[in-house]
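This report refers to the structure that appears directly beneath it.
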Amino acid sequence: MEVYRIDKTATKVVEPLFAHWPETLIYSCLQGYMGSAWADCNQQPKSAQIVVADFCFLAGQPSEALVKNKPPEHRSDFVIMVPQTEAWAKLIEQVYQADAKRITRYAIKKEPDIFDTGKLTAITEALSKEYELKLIDRPIYEKVRQMRWSEDLCSQFDTFEKFAKNGLGVVALHQGEIVSGASSYTVYRDGIEIEIDTQKEHRRKGLALACGAKLLLECMKRNLYPSWDAQNKASVALAEKLGYHFDQEYTAYEIHGYGIKQGRA
């Protein structure tokens, strides 16, 4: 079956298939900021796929062609597939077999105006004086992208100009070196999706919490919503310390060999 790329100006045709799916990465694509949309046809599609950054969302009627579809601009052979239904999940398993690892992720409630600025400010001020919090500027952007542990803080913005226009981020410096950060993994019209990373040697020192608090304060200044989606329970706990509330677990698949090893269907 053939798949069709949906032009950024025509994403309304797939919107109904993603209705009631409160995921900001989906918004990023539907609003024309990032990623690409694909479907089984250009008009009144029954199946659709959205690929943004390292995530692939599958909606509507299960389609083997869309499960196998890899946008040409997606260079990595890794992707996290998120099925809308269990039927999609079974098809992912059938197609990718051993290359599909079923995982549980944790959705965090999207609740505007719940953050306590006083509490967030106190968190940043409690950080040890040996660390400095700083917004990501051009030199920091360049350094962040050069280190494996921190590259995802800015990985979805291939130039600083693009990051400066739509992105936002904070890092913690130790003796002038970047050791932790919280930034916009992706962006959409009304906010950002948060990415937080800390260098292994500087973990368990409150850096992720402080960087997250500072980023939330900066988002509030700009009337942006800082969306959070947790990879594990530790991320849920960190989010809750900042004022978020857990919503629900959901199933996803880590795919190794995306576009290379497609299994048998």
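Simple scheme: letters A, B, ... for chains in structure tokens order, numbers from 1 for residues in each chain, numbers from 1 for ligands in the order shown.
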
Could the residues of stretch 54-172 of chain A that have an atom at most 12 Å from stretch 13-24 of chain A be listed as a tab-separated table, each with its closest atom pair and the distance in Å to one decimal, counting only C-alpha atoms and ordered by chain and ascending residue number?
residue	atom	partner	partner_atom	distance
A:Phe55	CA	A:Glu23	CA	11.1
A:Cys56	CA	A:Glu23	CA	11.6
A:Phe57	CA	A:Phe18	CA	9.0
A:Leu58	CA	A:Phe18	CA	8.7
A:Ala59	CA	A:Leu17	CA	5.8
A:Gly60	CA	A:Leu17	CA	5.5
A:Gln61	CA	A:Leu17	CA	9.1
A:Pro62	CA	A:Leu17	CA	11.7
A:Val82	CA	A:Glu23	CA	10.7
A:Pro83	CA	A:Trp21	CA	11.2
A:Gln84	CA	A:Trp21	CA	8.6
A:Thr85	CA	A:Trp21	CA	11.7
A:Tyr106	CA	A:Glu23	CA	12.0
A:Ala107	CA	A:Glu23	CA	9.0
A:Ile108	CA	A:Glu23	CA	10.1
A:Lys109	CA	A:Pro22	CA	9.2
A:Lys110	CA	A:Pro22	CA	8.2
A:Glu111	CA	A:Pro22	CA	11.5

List the neighbours of A:Ser235 out to 12 Å using only C-alpha atoms; skip same-chain residues closer than 3 positions along the sequence, and give me the result as a count of residues only. 24

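Reported to one decimal place, the separation of atom CA of A:Cys219 from atom CA of A:Tyr131 is 21.4 Å.
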
Identify all residues of stretch 32-205 of chain A in strand (DSSP E or B) (DSSP on the backbone) and supply them as a ChimeraX atom specification. /A:36-39,47-52,55-60,78-83,100-108,131-135,169-174,177-188,191-198

Using DSSP on the backbone, list every residue of stretch 121-198 of chain A that comes out as alpha helix (DSSP H), and give them as a list of chain:residue names.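 Alpha helix (DSSP H) members of stretch 121-198 of chain A, listed: A:Thr121, A:Ala122, A:Ile123, A:Thr124, A:Glu125, A:Arg138, A:Pro139, A:Ile140, A:Tyr141, A:Glu142, A:Lys143, A:Val144, A:Arg145, A:Gln146, A:Phe160, A:Glu161, A:Lys162, A:Phe163, A:Ala164, A:Lys165, A:Asn166.
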
Tell me which of A:Leu207, A:Ile114, A:Leu173, A:Ile26 sits closest to A:Tyr225, counting only C-alpha atoms. A:Ile114

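Candidate residues A:Val187, A:Leu224, A:Leu133, A:Leu216 were compared for distance to A:Phe163, and the nearest is A:Val187, using only C-alpha atoms.
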
Using only C-alpha atoms: which of A:Thr104, A:Ser150, A:Thr198, A:Thr121 has the shortest distance to A:Leu215: A:Thr121

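Between atom CA of A:Asp113 and atom CA of A:Gln248 there is a distance of 20.4 Å.
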
Exercise: A:Ala65 partners within 12 Å, only C-alpha atoms, chain neighbours under 5 positions left out, as number ranges by chain: A: 1-4, 38-41, 47-49, 58, 70, 88, 91-92, 95, 259, 262, 265

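Between atom CA of A:Glu161 and atom CA of A:Ala10 lies a distance of 26.3 Å.
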
For A:Arg145, find every residue with an atom within 10 Å (counting only C-alpha atoms), except residues of its own chain fewer than 4 positions away, and show them as a PDB file with N, CA and C atoms, in the first residue's frame.
ATOM      1  N   ILE A 140      26.785  28.299  24.262  1.00  0.00           N
ATOM      2  CA  ILE A 140      26.292  27.132  24.993  1.00  0.00           C
ATOM      3  C   ILE A 140      25.598  26.165  24.039  1.00  0.00           C
ATOM      4  N   TYR A 141      24.815  26.707  23.105  1.00  0.00           N
ATOM      5  CA  TYR A 141      24.153  25.870  22.094  1.00  0.00           C
ATOM      6  C   TYR A 141      25.181  25.017  21.357  1.00  0.00           C
ATOM      7  N   TRP A 149      25.935  13.284  25.892  1.00  0.00           N
ATOM      8  CA  TRP A 149      24.964  13.246  26.975  1.00  0.00           C
ATOM      9  C   TRP A 149      23.991  14.423  26.922  1.00  0.00           C
ATOM     10  N   SER A 150      24.401  15.538  26.298  1.00  0.00           N
ATOM     11  CA  SER A 150      23.576  16.750  26.319  1.00  0.00           C
ATOM     12  C   SER A 150      22.967  17.122  24.974  1.00  0.00           C
ATOM     13  N   GLU A 151      23.278  16.384  23.912  1.00  0.00           N
ATOM     14  CA  GLU A 151      22.891  16.814  22.566  1.00  0.00           C
ATOM     15  C   GLU A 151      21.386  16.963  22.378  1.00  0.00           C
ATOM     16  N   ASP A 152      20.591  16.162  23.089  1.00  0.00           N
ATOM     17  CA  ASP A 152      19.137  16.237  22.906  1.00  0.00           C
ATOM     18  C   ASP A 152      18.535  17.519  23.468  1.00  0.00           C
ATOM     19  N   LEU A 153      19.311  18.280  24.244  1.00  0.00           N
ATOM     20  CA  LEU A 153      18.810  19.574  24.725  1.00  0.00           C
ATOM     21  C   LEU A 153      18.535  20.519  23.557  1.00  0.00           C
ATOM     22  N   CYS A 154      19.293  20.335  22.465  1.00  0.00           N
ATOM     23  CA  CYS A 154      19.118  21.206  21.290  1.00  0.00           C
ATOM     24  C   CYS A 154      19.096  20.436  19.976  1.00  0.00           C
ATOM     25  N   SER A 155      18.973  19.113  20.034  1.00  0.00           N
ATOM     26  CA  SER A 155      19.141  18.286  18.838  1.00  0.00           C
ATOM     27  C   SER A 155      18.119  18.530  17.737  1.00  0.00           C
ATOM     28  N   PHE A 157      17.031  21.376  16.719  1.00  0.00           N
ATOM     29  CA  PHE A 157      17.245  22.692  16.106  1.00  0.00           C
ATOM     30  C   PHE A 157      18.627  22.671  15.462  1.00  0.00           C
ATOM     31  N   ASP A 158      18.679  22.578  14.123  1.00  0.00           N
ATOM     32  CA  ASP A 158      19.967  22.399  13.461  1.00  0.00           C
ATOM     33  C   ASP A 158      20.785  23.678  13.325  1.00  0.00           C
TER      34      ASP A 158
END
